[in-house]
Amino acid sequence: MNAPDLKLVVSKRDPTAGPPQGGISPLGGQRPASAAECGGATAAGVSRFHESAKAQVAGAATYIDDIPEVRGTLHAAPVCSPVAHGVLKGIDPSAALAVQGVHAFIGADDIPGDKLLAAFAHDEPVFAQGTVQFLGQVGGLIVADDVMTARRAARLVKWDIEALEPVLTPQQAHAKQSYVLPPVHVTRGDAAAALQRAPHRLEGAFEVGGQEHFYLEGQIAYVLPLEQQQWWVYSSTQHPGEVQHWVSHALGLANHAVTVECRRMGGGFGGKETQAGHLAVWAAIAANKLRRPVKLRLDRDDDFMITGKRHPFAYRYRVGFDDRGRLCGLELDMLANCGFSADLSGPVADRAVFHADNAYYLEDVAIHSYRCKTNTQSHTAYRGFGGPQGVIFIERIMGDIARHLGVDALDVRLANLYGIEDRNVTHYQMTVEDNILEPLMTQLALTSGYRERAEQIAQWNASSPVIKRGISLTPVKFGISFTATLFNQAGALVHVYTDGSVQVNHGGTEMGQGLNTKVAAIVADELGVPFERVLSTASDTSKVPNASATAASSGTDLNGRAAQFAARQVRQNLAAFVAGLDGVGAGAVRFEGGQVITEKQTRTWESVVGAAYANRIQLWSDGFYRTPKIHYDKVTMLGRPFYYFAYGAAVTEVAIDTLTGESRVLKVDILHDVGRSINPAIDIGQIEGGFVQGMGWLTTEQLVWNGKGYLQTHAPSTYKIPATGDIPAHFKVDLWPEPNREDNVHGSKAVGEPPFMLAISVFEALRDAVAQAGGRPEAMNAPATAEEVLRAVQGL
């Protein structure tokens with residue numbers, strides 16, 4: 001298929017820049033028109049500042065530690081196990097209690113409700129009981145007048161533990177058949193027979209490391225007792241409804257007695273989907289015992305030692321392929337290091353299975369997923385939620401096949417892509433209906449000059465004895481929806497006040513990704529008012545109940561649509577009122593640019609709202625949305641777990657020093673599919689940020705546990721996230737110009753997680769450079785630290 005002649009949206013650093021001019025994409029989709037083309041009537045589709053940007057720059061945006069403390073507030077600090085695994089015989093807090101300013105030790109005996117957290121697997125104790133499961137496990141709290149006193153005193157608490165041998169790797173756990181959840185097997189066809197008859201075969205094993213979330217705002221909760229056994233919880237959480245459920249469960253109360261509020265987080269990345277609930281529960285138990293407000297904020301070291309990470313994975317595989325590099329058969333074992341409890345390991349490992357295909361058709365395949373129990377932190381959600389651990393596997397296989405056959409890896413990838421009419425059903429039986437992989441990848445190869453650059457790099461390497469370069473183009477096909485179907489629902493409230501101002505509240509949470517900015521734009525468009533007239537307020541379980549986590553890249557899809565439906569109901573109420581005044585049909589009433597227009601009269605929005613109130617017309621409404629079409633069997637893992645796919649591709653060029661193993665990313669070109677963008681500036685920012693975070697996962701962010709289960713990389717001094725100096729001078733992001741083919745809000749597509757996996761092109765480019773240096777790229781594990789690159793270059 002020839003690449004279409006596309007006019008692309010070029011990355012803009014200026015957040016005030018508008019979207020491209022309207023037009024028809026070669027695939028038949030309508031591109032979004034600019035605000036100017038629409039007479040200034042649209043809010044969605046325009047690049048706007050983040051709704052909190054000015055307050056954040058000025059230091060006026062409130063995070064939980066900025067909330068003025070209520071008189072009598074106490075501060076808690078965790079008491080952490082010094083041993084990774086053992087029999088817990090007792091905890092002695094006497095030395096801590098002797099410190100001036102210390103009020104109490106809070107332990108398992110102080111829990112009025114269930115001593116296990118209300119997680120779905122019901123396998124994690126609130127505080128350590130009977131056994132210790134990882135080094136850093138919380139056995140209780142010290143509560144004091146101030147935070148530093150609490151932290152210092154917590155380190156005086158004595159543990160009595162009979163140490164046991166810890167299990168620290170997924171291979172060890174798998175050998176013992178020690179799992180947090182039962183294994184899962186997904187098969188299609190006869191993989192063994194296909195492998196047997198394949199013209200070429202490869203087999204091997206490799207590992208991919210975990211990743212610390214490293215959010216700017218650490219984990220924190222502030223719990224206030226109210227009257228009549230009611231509680232107000234400020235929590236930095238992606239899932240206020242779950243925090244409400246966990247706290248009420250631990251206190252032995254009904255959910256309605258607990259209200260959880262979150263105005264914003266200073267980053268989440270999945271690390272605050274479940275694990276923010278721990279702090280809220282701990283603080284609530286202390287507040288319940290002492291009958292005083294309690295704040296619990298982890299310092300960075302404790303945050304590292306206590307909270308879970310991205311799941312490290314280990315892989316064993318056999319793959320067969322033909323002379324073109326097209327896959328014939330695949331057998332894959334995926335060992336997920338889950339830590340000591342299930343947490344979200346089940347759905348994370350499931351999504352890794354779903355995304356083991358990435359962009360490629362797997363005909364005869366057998367995938368075996370093992371959810372391994374180890375004596376480490378309980379690993380949890382992280383941007384991509386298992387998807388990256390699936391995608392990196394198959395992209396690695398594509399690169400190895402290409403080197404085995406002596407052909408360009410892009411040609412092997414193109415040969416294996418999903419088709420349009422055939423070869424278009426995934427290994428879990430979902431038909432790929434919106435496939436744009438081939439035109440997108442081909443277009444990126446042209447605009448980035450991939451073929452020419454690959455030749456130039458080969459010439460460079462032939463004359464450069466020390467510095468070697470590599471290049472790779474890798475795609476992403478990422479399914480959008482929660483794989484747990486019940487979470488694909490959302491609610492929202494829209495209030496129109498008598499002065500014409502609008503407030504929207506929804507069940508999503510703002511963690512810097514611009515969710516509230518997008519939702520406000522959607523509501524503004526639905527009511528035909530300027531963006532500035534709409535205010536998004538804090539997530540609050542007393543306003544929108546039972547909300548799903550802001551995760552799975554579905555925040556705007558779910559909450560934006562629910563808010564749109566709520567606003568639509570208000571608009572319809574007003575349209576019916578104005579239609580009655582002018583004697584026209586309600587469908588003839590238009591809401592545009594802050595005006596309400598009929599063929600007989602044009603009124604201001606504010607005058608219509610005032611008149612409607614005087615005539616007792618309802619000016620507020622709720623909205624509810626559930627994602628259509630999705631279904632799948634949790635036992636067989638077959639069905640349609642995703643509403644649609646988001647696509648993208650990246651070309652990355654790197655250089656390595658063959659004497660030291662050091663590497664540098666030189667150039668990045670991205671073409672990514674966000675549908676019809678609600679806010680191009682925010683979407684491009686998400687693409688850039690996701691890519692850089694993925695680059696960190698695969699190059700510098702290394703988690704190292706020693707033989708005793710101690711996390712040695714537990715601070716910025718030893719754990720290295722990407723810095724500004726790691727960003728390449730050439731970093732170009734273009735947007736694919738086609739709306740979502742499914743009926744999604746504004747024709748948009750999710751953008752939070754899919755770009756993360758574009759960074760796999762960095763890892764594959766590094767492996768290409770190692771190969772051109774005469775090393776063993778097939779032996780490389782991730783992250784590709786300098787040590788790992790040097791080992792591969794030296795053929796070790």
# chains A, B, ... in the order shown; residues from 1 in each chain; ligands from 1
$ closest_atom_pairs --of "region 236-338 of chain A" --to "region 504-509 of chain A" --cutoff "10 Å" --atoms "only C-alpha atoms" --output "JSON lines"
{"residue": "A:Ser236", "atom": "CA", "partner": "A:Thr509", "partner_atom": "CA", "distance": 9.4}
{"residue": "A:Thr237", "atom": "CA", "partner": "A:Thr509", "partner_atom": "CA", "distance": 7.7}
{"residue": "A:Gln238", "atom": "CA", "partner": "A:Thr509", "partner_atom": "CA", "distance": 5.8}
{"residue": "A:His239", "atom": "CA", "partner": "A:Thr509", "partner_atom": "CA", "distance": 7.5}
{"residue": "A:Pro240", "atom": "CA", "partner": "A:Thr509", "partner_atom": "CA", "distance": 8.2}
{"residue": "A:Gly241", "atom": "CA", "partner": "A:Gly507", "partner_atom": "CA", "distance": 8.6}
{"residue": "A:Glu261", "atom": "CA", "partner": "A:Thr509", "partner_atom": "CA", "distance": 9.7}
{"residue": "A:Cys262", "atom": "CA", "partner": "A:Thr509", "partner_atom": "CA", "distance": 7.0}
{"residue": "A:Arg263", "atom": "CA", "partner": "A:Thr509", "partner_atom": "CA", "distance": 7.4}
{"residue": "A:Arg264", "atom": "CA", "partner": "A:Thr509", "partner_atom": "CA", "distance": 6.7}
{"residue": "A:Met265", "atom": "CA", "partner": "A:Thr509", "partner_atom": "CA", "distance": 7.9}
{"residue": "A:Gly268", "atom": "CA", "partner": "A:Thr509", "partner_atom": "CA", "distance": 9.9}
$ select_by_dssp --residues "region 76-250 of chain A" --states "alpha helix (DSSP H)" --output "PyMOL selection string"
chain A and resi 94-97+147-154+170-176+191-197+240-250
$ write_last_selection --atoms "N, CA, C and O atoms" --output "CSV table (one decimal), in the first residue's frame"
chain,number,residue,atom,x,y,z
A,94,SER,N,8.2,0.7,72.7
A,94,SER,CA,8.4,1.4,73.9
A,94,SER,C,9.4,2.6,73.8
A,94,SER,O,9.2,3.7,74.4
A,95,ALA,N,10.5,2.3,73.1
A,95,ALA,CA,11.5,3.4,72.9
A,95,ALA,C,10.9,4.6,72.2
A,95,ALA,O,11.2,5.8,72.5
A,96,ALA,N,10.1,4.3,71.2
A,96,ALA,CA,9.5,5.4,70.4
A,96,ALA,C,8.5,6.2,71.3
A,96,ALA,O,8.4,7.4,71.2
A,97,LEU,N,7.7,5.4,72.1
A,97,LEU,CA,6.7,6.1,72.9
A,97,LEU,C,7.3,7.0,74.0
A,97,LEU,O,6.7,7.9,74.6
A,147,VAL,N,5.8,16.0,62.1
A,147,VAL,CA,6.2,15.0,61.2
A,147,VAL,C,7.6,14.5,61.5
A,147,VAL,O,7.8,13.2,61.4
A,148,MET,N,8.5,15.3,61.8
A,148,MET,CA,9.9,14.9,62.0
A,148,MET,C,10.0,14.1,63.3
A,148,MET,O,10.8,13.1,63.3
A,149,THR,N,9.3,14.5,64.3
A,149,THR,CA,9.3,13.7,65.5
A,149,THR,C,8.8,12.3,65.3
A,149,THR,O,9.3,11.3,65.7
A,150,ALA,N,7.7,12.2,64.5
A,150,ALA,CA,7.1,10.9,64.2
A,150,ALA,C,8.1,10.0,63.4
A,150,ALA,O,8.2,8.8,63.7
A,151,ARG,N,8.7,10.6,62.4
A,151,ARG,CA,9.7,9.8,61.6
A,151,ARG,C,10.9,9.4,62.4
A,151,ARG,O,11.3,8.2,62.3
A,152,ARG,N,11.4,10.2,63.2
A,152,ARG,CA,12.6,9.8,64.0
A,152,ARG,C,12.2,8.7,65.0
A,152,ARG,O,12.9,7.7,65.2
A,153,ALA,N,11.0,8.9,65.7
A,153,ALA,CA,10.6,7.9,66.7
A,153,ALA,C,10.3,6.6,66.0
A,153,ALA,O,10.5,5.5,66.6
A,154,ALA,N,9.7,6.6,64.8
A,154,ALA,CA,9.4,5.3,64.1
A,154,ALA,C,10.6,4.5,63.9
A,154,ALA,O,10.5,3.2,63.9
A,170,PRO,N,11.1,-13.8,39.9
A,170,PRO,CA,10.0,-14.6,39.4
A,170,PRO,C,10.4,-16.0,39.0
A,170,PRO,O,9.6,-16.9,39.1
A,171,GLN,N,11.6,-16.2,38.6
A,171,GLN,CA,12.1,-17.6,38.3
A,171,GLN,C,12.0,-18.5,39.5
A,171,GLN,O,11.6,-19.6,39.5
A,172,GLN,N,12.5,-17.9,40.7
A,172,GLN,CA,12.4,-18.7,41.9
A,172,GLN,C,11.0,-19.0,42.3
A,172,GLN,O,10.7,-20.2,42.7
A,173,ALA,N,10.1,-18.0,42.2
A,173,ALA,CA,8.7,-18.2,42.5
A,173,ALA,C,8.1,-19.3,41.6
A,173,ALA,O,7.3,-20.1,42.0
A,174,HIS,N,8.4,-19.2,40.3
A,174,HIS,CA,7.8,-20.1,39.3
A,174,HIS,C,8.3,-21.5,39.6
A,174,HIS,O,7.5,-22.5,39.5
A,175,ALA,N,9.5,-21.7,40.0
A,175,ALA,CA,10.0,-23.0,40.3
A,175,ALA,C,9.3,-23.6,41.5
A,175,ALA,O,9.1,-24.8,41.6
A,176,LYS,N,8.9,-22.8,42.5
A,176,LYS,CA,8.2,-23.2,43.7
A,176,LYS,C,6.7,-23.3,43.4
A,176,LYS,O,5.9,-23.6,44.3
A,191,ALA,N,0.5,-24.1,18.1
A,191,ALA,CA,1.8,-23.5,18.1
A,191,ALA,C,3.0,-24.5,17.9
A,191,ALA,O,3.9,-24.2,17.2
A,192,ALA,N,2.9,-25.6,18.6
A,192,ALA,CA,4.0,-26.6,18.6
A,192,ALA,C,4.1,-27.1,17.2
A,192,ALA,O,5.3,-27.2,16.7
A,193,ALA,N,3.0,-27.4,16.5
A,193,ALA,CA,3.1,-28.0,15.1
A,193,ALA,C,3.6,-26.9,14.2
A,193,ALA,O,4.4,-27.2,13.3
A,194,ALA,N,3.2,-25.6,14.4
A,194,ALA,CA,3.6,-24.6,13.5
A,194,ALA,C,5.1,-24.3,13.7
A,194,ALA,O,5.9,-24.1,12.7
A,195,LEU,N,5.6,-24.4,14.9
A,195,LEU,CA,7.0,-24.3,15.1
A,195,LEU,C,7.8,-25.4,14.4
A,195,LEU,O,8.9,-25.2,13.9
A,196,GLN,N,7.3,-26.6,14.5
A,196,GLN,CA,8.0,-27.7,13.9
A,196,GLN,C,8.2,-27.6,12.4
A,196,GLN,O,9.2,-27.9,11.9
A,197,ARG,N,7.2,-27.0,11.7
A,197,ARG,CA,7.3,-26.9,10.3
A,197,ARG,C,7.8,-25.6,9.8
A,197,ARG,O,8.0,-25.3,8.6
A,240,PRO,N,-10.7,7.8,44.1
A,240,PRO,CA,-11.4,8.2,45.4
A,240,PRO,C,-12.4,7.2,45.9
A,240,PRO,O,-12.5,7.0,47.1
A,241,GLY,N,-13.1,6.6,45.0
A,241,GLY,CA,-14.2,5.6,45.4
A,241,GLY,C,-13.6,4.4,46.0
A,241,GLY,O,-14.2,3.9,47.0
A,242,GLU,N,-12.4,4.0,45.6
A,242,GLU,CA,-11.8,2.8,46.2
A,242,GLU,C,-11.2,3.2,47.6
A,242,GLU,O,-11.3,2.4,48.6
A,243,VAL,N,-10.7,4.4,47.7
A,243,VAL,CA,-10.2,4.9,49.0
A,243,VAL,C,-11.4,4.9,50.0
A,243,VAL,O,-11.3,4.5,51.2
A,244,GLN,N,-12.5,5.4,49.5
A,244,GLN,CA,-13.7,5.5,50.4
A,244,GLN,C,-14.1,4.1,50.9
A,244,GLN,O,-14.4,3.8,52.0
A,245,HIS,N,-14.1,3.1,49.9
A,245,HIS,CA,-14.4,1.7,50.3
A,245,HIS,C,-13.4,1.1,51.2
A,245,HIS,O,-13.8,0.5,52.2
A,246,TRP,N,-12.2,1.3,51.0
A,246,TRP,CA,-11.1,0.8,51.9
A,246,TRP,C,-11.2,1.3,53.3
A,246,TRP,O,-11.1,0.6,54.3
A,247,VAL,N,-11.4,2.7,53.4
A,247,VAL,CA,-11.4,3.3,54.7
A,247,VAL,C,-12.6,2.9,55.5
A,247,VAL,O,-12.5,2.5,56.7
A,248,SER,N,-13.8,2.9,54.8
A,248,SER,CA,-15.0,2.4,55.6
A,248,SER,C,-14.9,1.0,56.0
A,248,SER,O,-15.3,0.6,57.1
A,249,HIS,N,-14.3,0.2,55.1
A,249,HIS,CA,-14.1,-1.3,55.4
A,249,HIS,C,-13.2,-1.5,56.7
A,249,HIS,O,-13.5,-2.3,57.6
A,250,ALA,N,-12.1,-0.7,56.7
A,250,ALA,CA,-11.2,-0.8,57.8
A,250,ALA,C,-11.8,-0.3,59.1
A,250,ALA,O,-11.5,-0.8,60.2
$ residues_around --residues "Ile457 (chain A)" --least-positions-apart "5" --cutoff "8 Å" --atoms "only C-alpha atoms" --output "list in words"
Arg469, Gly470 and Ile471 of chain A
$ residues_around --residues "region 786-788 of chain A" --least-positions-apart "3" --cutoff "12 Å" --atoms "only C-alpha atoms" --output "PDB file with C-alpha atoms, in the first residue's frame"
ATOM      1  CA  GLU A 207      14.163  -9.877  31.411  1.00  0.00           C
ATOM      2  CA  VAL A 208      12.601  -6.427  31.628  1.00  0.00           C
ATOM      3  CA  ALA A 655      24.639   6.418  19.581  1.00  0.00           C
ATOM      4  CA  ILE A 656      26.628   4.178  21.916  1.00  0.00           C
ATOM      5  CA  ASP A 657      30.209   4.316  23.165  1.00  0.00           C
ATOM      6  CA  THR A 658      31.595   0.807  22.720  1.00  0.00           C
ATOM      7  CA  LEU A 659      34.312   1.419  25.319  1.00  0.00           C
ATOM      8  CA  THR A 660      32.017   2.496  28.170  1.00  0.00           C
ATOM      9  CA  GLY A 661      28.521   1.390  27.154  1.00  0.00           C
ATOM     10  CA  GLU A 662      27.201   4.925  27.500  1.00  0.00           C
ATOM     11  CA  SER A 663      24.395   5.847  25.130  1.00  0.00           C
ATOM     12  CA  ARG A 664      22.583   8.898  23.888  1.00  0.00           C
ATOM     13  CA  LEU A 698      14.380   1.244  29.135  1.00  0.00           C
ATOM     14  CA  THR A 699      17.697   3.057  29.658  1.00  0.00           C
ATOM     15  CA  THR A 700      18.444   4.478  33.127  1.00  0.00           C
ATOM     16  CA  GLU A 701      15.772   3.525  35.665  1.00  0.00           C
ATOM     17  CA  GLN A 702      17.114   0.388  37.288  1.00  0.00           C
ATOM     18  CA  PHE A 763      15.627   0.064  23.112  1.00  0.00           C
ATOM     19  CA  LEU A 766      20.246   0.539  21.017  1.00  0.00           C
ATOM     20  CA  ARG A 767      20.128  -3.137  20.100  1.00  0.00           C
ATOM     21  CA  VAL A 770      25.067  -3.129  19.513  1.00  0.00           C
ATOM     22  CA  GLY A 775      27.958  -7.503  19.824  1.00  0.00           C
ATOM     23  CA  ARG A 776      25.077  -9.721  20.967  1.00  0.00           C
ATOM     24  CA  PRO A 777      21.859  -7.690  21.001  1.00  0.00           C
ATOM     25  CA  GLU A 778      19.863 -10.867  21.621  1.00  0.00           C
ATOM     26  CA  ALA A 779      21.513 -11.036  25.077  1.00  0.00           C
ATOM     27  CA  MET A 780      20.434  -7.556  26.172  1.00  0.00           C
ATOM     28  CA  ASN A 781      17.988  -7.106  29.023  1.00  0.00           C
ATOM     29  CA  ALA A 782      16.168  -3.907  29.908  1.00  0.00           C
ATOM     30  CA  PRO A 783      16.939  -1.351  31.133  1.00  0.00           C
ATOM     31  CA  ARG A 791      28.094  -6.368  28.335  1.00  0.00           C
ATOM     32  CA  ALA A 792      26.193  -6.878  25.070  1.00  0.00           C
ATOM     33  CA  VAL A 793      28.867  -5.130  23.009  1.00  0.00           C
ATOM     34  CA  GLN A 794      31.487  -7.400  24.525  1.00  0.00           C
ATOM     35  CA  GLY A 795      29.341 -10.432  23.677  1.00  0.00           C
ATOM     36  CA  LEU A 796      28.876 -11.496  27.291  1.00  0.00           C
TER      37      LEU A 796
END
$ select_by_dssp --residues "region 380-475 of chain A" --states "strand (DSSP E or B)" --output "list of chain:residue names"
A:Leu417, A:Val425, A:Thr431, A:Ile467, A:Lys468, A:Arg469, A:Gly470, A:Ile471, A:Ser472, A:Leu473, A:Thr474, A:Pro475
$ closest_residue --among "A:Cys80, A:Ile760, A:Val87, A:Val692" --to "Asp301 (chain A)" --atoms "only C-alpha atoms"
A:Cys80
$ residues_around --residues "region 744-756 of chain A" --least-positions-apart "6" --cutoff "9 Å" --atoms "only C-alpha atoms" --output "ChimeraX atom specification"
/A:44-45,383-385,387-388,476-480,513,522,551-558,560-561,564,644-649,672-678,683-684,686-695,738
$ residues_around --residues "Gln211 (chain A)" --least-positions-apart "3" --cutoff "8 Å" --atoms "only C-alpha atoms" --output "ChimeraX atom specification"
/A:309-312,697,701-703
$ write_last_selection --atoms "all heavy atoms" --output "PDB file, in the first residue's frame"
ATOM      1  N   LYS A 309       5.948  -1.057  42.326  1.00  0.00           N
ATOM      2  CA  LYS A 309       6.530  -0.496  41.103  1.00  0.00           C
ATOM      3  C   LYS A 309       5.825  -1.089  39.879  1.00  0.00           C
ATOM      4  O   LYS A 309       4.900  -1.885  39.996  1.00  0.00           O
ATOM      5  CB  LYS A 309       8.026  -0.828  41.020  1.00  0.00           C
ATOM      6  CG  LYS A 309       8.768  -0.839  42.344  1.00  0.00           C
ATOM      7  CD  LYS A 309       8.747   0.498  43.055  1.00  0.00           C
ATOM      8  CE  LYS A 309       9.447   0.425  44.403  1.00  0.00           C
ATOM      9  NZ  LYS A 309       9.222   1.633  45.224  1.00  0.00           N
ATOM     10  N   ARG A 310       6.315  -0.707  38.704  1.00  0.00           N
ATOM     11  CA  ARG A 310       5.935  -1.438  37.499  1.00  0.00           C
ATOM     12  C   ARG A 310       6.417  -2.878  37.652  1.00  0.00           C
ATOM     13  O   ARG A 310       7.503  -3.129  38.179  1.00  0.00           O
ATOM     14  CB  ARG A 310       6.569  -0.812  36.260  1.00  0.00           C
ATOM     15  CG  ARG A 310       6.203  -1.535  34.952  1.00  0.00           C
ATOM     16  CD  ARG A 310       6.926  -0.975  33.756  1.00  0.00           C
ATOM     17  NE  ARG A 310       6.591   0.415  33.504  1.00  0.00           N
ATOM     18  CZ  ARG A 310       5.484   0.831  32.906  1.00  0.00           C
ATOM     19  NH1 ARG A 310       4.575  -0.053  32.507  1.00  0.00           N
ATOM     20  NH2 ARG A 310       5.268   2.122  32.715  1.00  0.00           N
ATOM     21  N   HIS A 311       5.615  -3.835  37.191  1.00  0.00           N
ATOM     22  CA  HIS A 311       5.982  -5.239  37.334  1.00  0.00           C
ATOM     23  C   HIS A 311       7.206  -5.596  36.480  1.00  0.00           C
ATOM     24  O   HIS A 311       7.160  -5.449  35.253  1.00  0.00           O
ATOM     25  CB  HIS A 311       4.827  -6.136  36.893  1.00  0.00           C
ATOM     26  CG  HIS A 311       3.641  -6.117  37.795  1.00  0.00           C
ATOM     27  ND1 HIS A 311       2.843  -5.006  37.955  1.00  0.00           N
ATOM     28  CD2 HIS A 311       3.110  -7.092  38.590  1.00  0.00           C
ATOM     29  CE1 HIS A 311       1.866  -5.292  38.808  1.00  0.00           C
ATOM     30  NE2 HIS A 311       2.014  -6.539  39.211  1.00  0.00           N
ATOM     31  N   PRO A 312       8.287  -6.076  37.093  1.00  0.00           N
ATOM     32  CA  PRO A 312       9.355  -6.674  36.282  1.00  0.00           C
ATOM     33  C   PRO A 312       8.839  -7.977  35.653  1.00  0.00           C
ATOM     34  O   PRO A 312       8.034  -8.690  36.253  1.00  0.00           O
ATOM     35  CB  PRO A 312      10.461  -6.960  37.307  1.00  0.00           C
ATOM     36  CG  PRO A 312      10.113  -6.130  38.517  1.00  0.00           C
ATOM     37  CD  PRO A 312       8.628  -6.046  38.527  1.00  0.00           C
ATOM     38  N   TRP A 697      12.459   4.158  31.526  1.00  0.00           N
ATOM     39  CA  TRP A 697      12.250   2.744  31.893  1.00  0.00           C
ATOM     40  C   TRP A 697      13.254   1.839  31.201  1.00  0.00           C
ATOM     41  O   TRP A 697      13.755   0.880  31.793  1.00  0.00           O
ATOM     42  CB  TRP A 697      10.816   2.350  31.537  1.00  0.00           C
ATOM     43  CG  TRP A 697      10.477   0.906  31.675  1.00  0.00           C
ATOM     44  CD1 TRP A 697      10.689   0.106  32.760  1.00  0.00           C
ATOM     45  CD2 TRP A 697       9.847   0.071  30.691  1.00  0.00           C
ATOM     46  NE1 TRP A 697      10.214  -1.174  32.516  1.00  0.00           N
ATOM     47  CE2 TRP A 697       9.698  -1.215  31.243  1.00  0.00           C
ATOM     48  CE3 TRP A 697       9.374   0.296  29.395  1.00  0.00           C
ATOM     49  CZ2 TRP A 697       9.108  -2.273  30.550  1.00  0.00           C
ATOM     50  CZ3 TRP A 697       8.784  -0.749  28.709  1.00  0.00           C
ATOM     51  CH2 TRP A 697       8.648  -2.018  29.276  1.00  0.00           C
ATOM     52  N   GLU A 701      16.496   3.757  34.421  1.00  0.00           N
ATOM     53  CA  GLU A 701      15.772   3.525  35.665  1.00  0.00           C
ATOM     54  C   GLU A 701      15.882   2.046  36.062  1.00  0.00           C
ATOM     55  O   GLU A 701      15.093   1.216  35.625  1.00  0.00           O
ATOM     56  CB  GLU A 701      14.309   3.948  35.515  1.00  0.00           C
ATOM     57  CG  GLU A 701      14.162   5.441  35.236  1.00  0.00           C
ATOM     58  CD  GLU A 701      12.716   5.897  35.209  1.00  0.00           C
ATOM     59  OE1 GLU A 701      11.931   5.484  36.090  1.00  0.00           O
ATOM     60  OE2 GLU A 701      12.357   6.672  34.292  1.00  0.00           O
ATOM     61  N   GLN A 702      16.830   1.769  36.906  1.00  0.00           N
ATOM     62  CA  GLN A 702      17.114   0.388  37.288  1.00  0.00           C
ATOM     63  C   GLN A 702      16.801   0.179  38.771  1.00  0.00           C
ATOM     64  O   GLN A 702      17.323   0.876  39.634  1.00  0.00           O
ATOM     65  CB  GLN A 702      18.574   0.040  37.013  1.00  0.00           C
ATOM     66  CG  GLN A 702      18.899  -1.434  37.255  1.00  0.00           C
ATOM     67  CD  GLN A 702      20.326  -1.779  36.889  1.00  0.00           C
ATOM     68  OE1 GLN A 702      21.218  -0.930  36.983  1.00  0.00           O
ATOM     69  NE2 GLN A 702      20.565  -3.004  36.461  1.00  0.00           N
ATOM     70  N   LEU A 703      15.941  -0.799  39.040  1.00  0.00           N
ATOM     71  CA  LEU A 703      15.625  -1.200  40.409  1.00  0.00           C
ATOM     72  C   LEU A 703      16.512  -2.387  40.779  1.00  0.00           C
ATOM     73  O   LEU A 703      16.520  -3.397  40.072  1.00  0.00           O
ATOM     74  CB  LEU A 703      14.151  -1.589  40.527  1.00  0.00           C
ATOM     75  CG  LEU A 703      13.141  -0.454  40.324  1.00  0.00           C
ATOM     76  CD1 LEU A 703      11.741  -1.015  40.114  1.00  0.00           C
ATOM     77  CD2 LEU A 703      13.157   0.501  41.506  1.00  0.00           C
TER      78      LEU A 703
END
$ closest_residue --among "A:Gly685, A:Gly580, A:Gly594, A:Pro545" --to "Gly528 (chain A)" --atoms "only C-alpha atoms"
A:Gly594
$ closest_residue --among "A:Glu764, A:Asp734, A:Asp357, A:Asp299" --to "Asn416 (chain A)" --atoms "only C-alpha atoms"
A:Asp357
$ atom_distance --atom1 "CA of Thr131 (chain A)" --atom2 "CA of Gly86 (chain A)"
5.6 Å
$ residues_around --residues "Trp705 (chain A)" --least-positions-apart "2" --cutoff "12 Å" --atoms "only C-alpha atoms" --output "JSON, numbers by chain"
{"A": [84, 134, 135, 166, 167, 168, 169, 209, 210, 304, 305, 374, 375, 376, 377, 702, 703, 707, 708, 709, 710, 711, 712, 713, 714]}
$ atom_distance --atom1 "CA of Ala729 (chain A)" --atom2 "CA of Val789 (chain A)"
22.7 Å
$ closest_residue --among "A:Thr485, A:Thr274, A:Asn546, A:Ser607" --to "Phe624 (chain A)" --atoms "only C-alpha atoms"
A:Asn546
$ decode --residues "region 498-517 of chain A" --atoms "C-alpha atoms" --output "JSON list (two decimals), in the first residue's frame"
[["chain", "number", "residue", "atom", "x", "y", "z"],
["A", 498, "THR", "CA", -28.14, 32.15, 37.61],
["A", 499, "ASP", "CA", -25.30, 34.39, 36.41],
["A", 500, "GLY", "CA", -24.63, 31.99, 33.55],
["A", 501, "SER", "CA", -21.47, 30.49, 35.02],
["A", 502, "VAL", "CA", -21.12, 26.71, 34.79],
["A", 503, "GLN", "CA", -19.63, 24.17, 37.17],
["A", 504, "VAL", "CA", -18.83, 20.59, 36.23],
["A", 505, "ASN", "CA", -17.96, 17.80, 38.61],
["A", 506, "HIS", "CA", -17.07, 14.30, 37.48],
["A", 507, "GLY", "CA", -15.64, 11.12, 38.89],
["A", 508, "GLY", "CA", -12.22, 11.46, 37.29],
["A", 509, "THR", "CA", -9.13, 12.84, 38.98],
["A", 510, "GLU", "CA", -6.67, 15.44, 37.79],
["A", 511, "MET", "CA", -3.03, 14.36, 38.03],
["A", 512, "GLY", "CA", -1.55, 16.91, 35.65],
["A", 513, "GLN", "CA", -2.76, 15.22, 32.46],
["A", 514, "GLY", "CA", -5.31, 17.93, 31.66],
["A", 515, "LEU", "CA", -8.49, 15.94, 32.28],
["A", 516, "ASN", "CA", -10.35, 18.86, 33.85],
["A", 517, "THR", "CA", -9.27, 21.15, 31.02]]
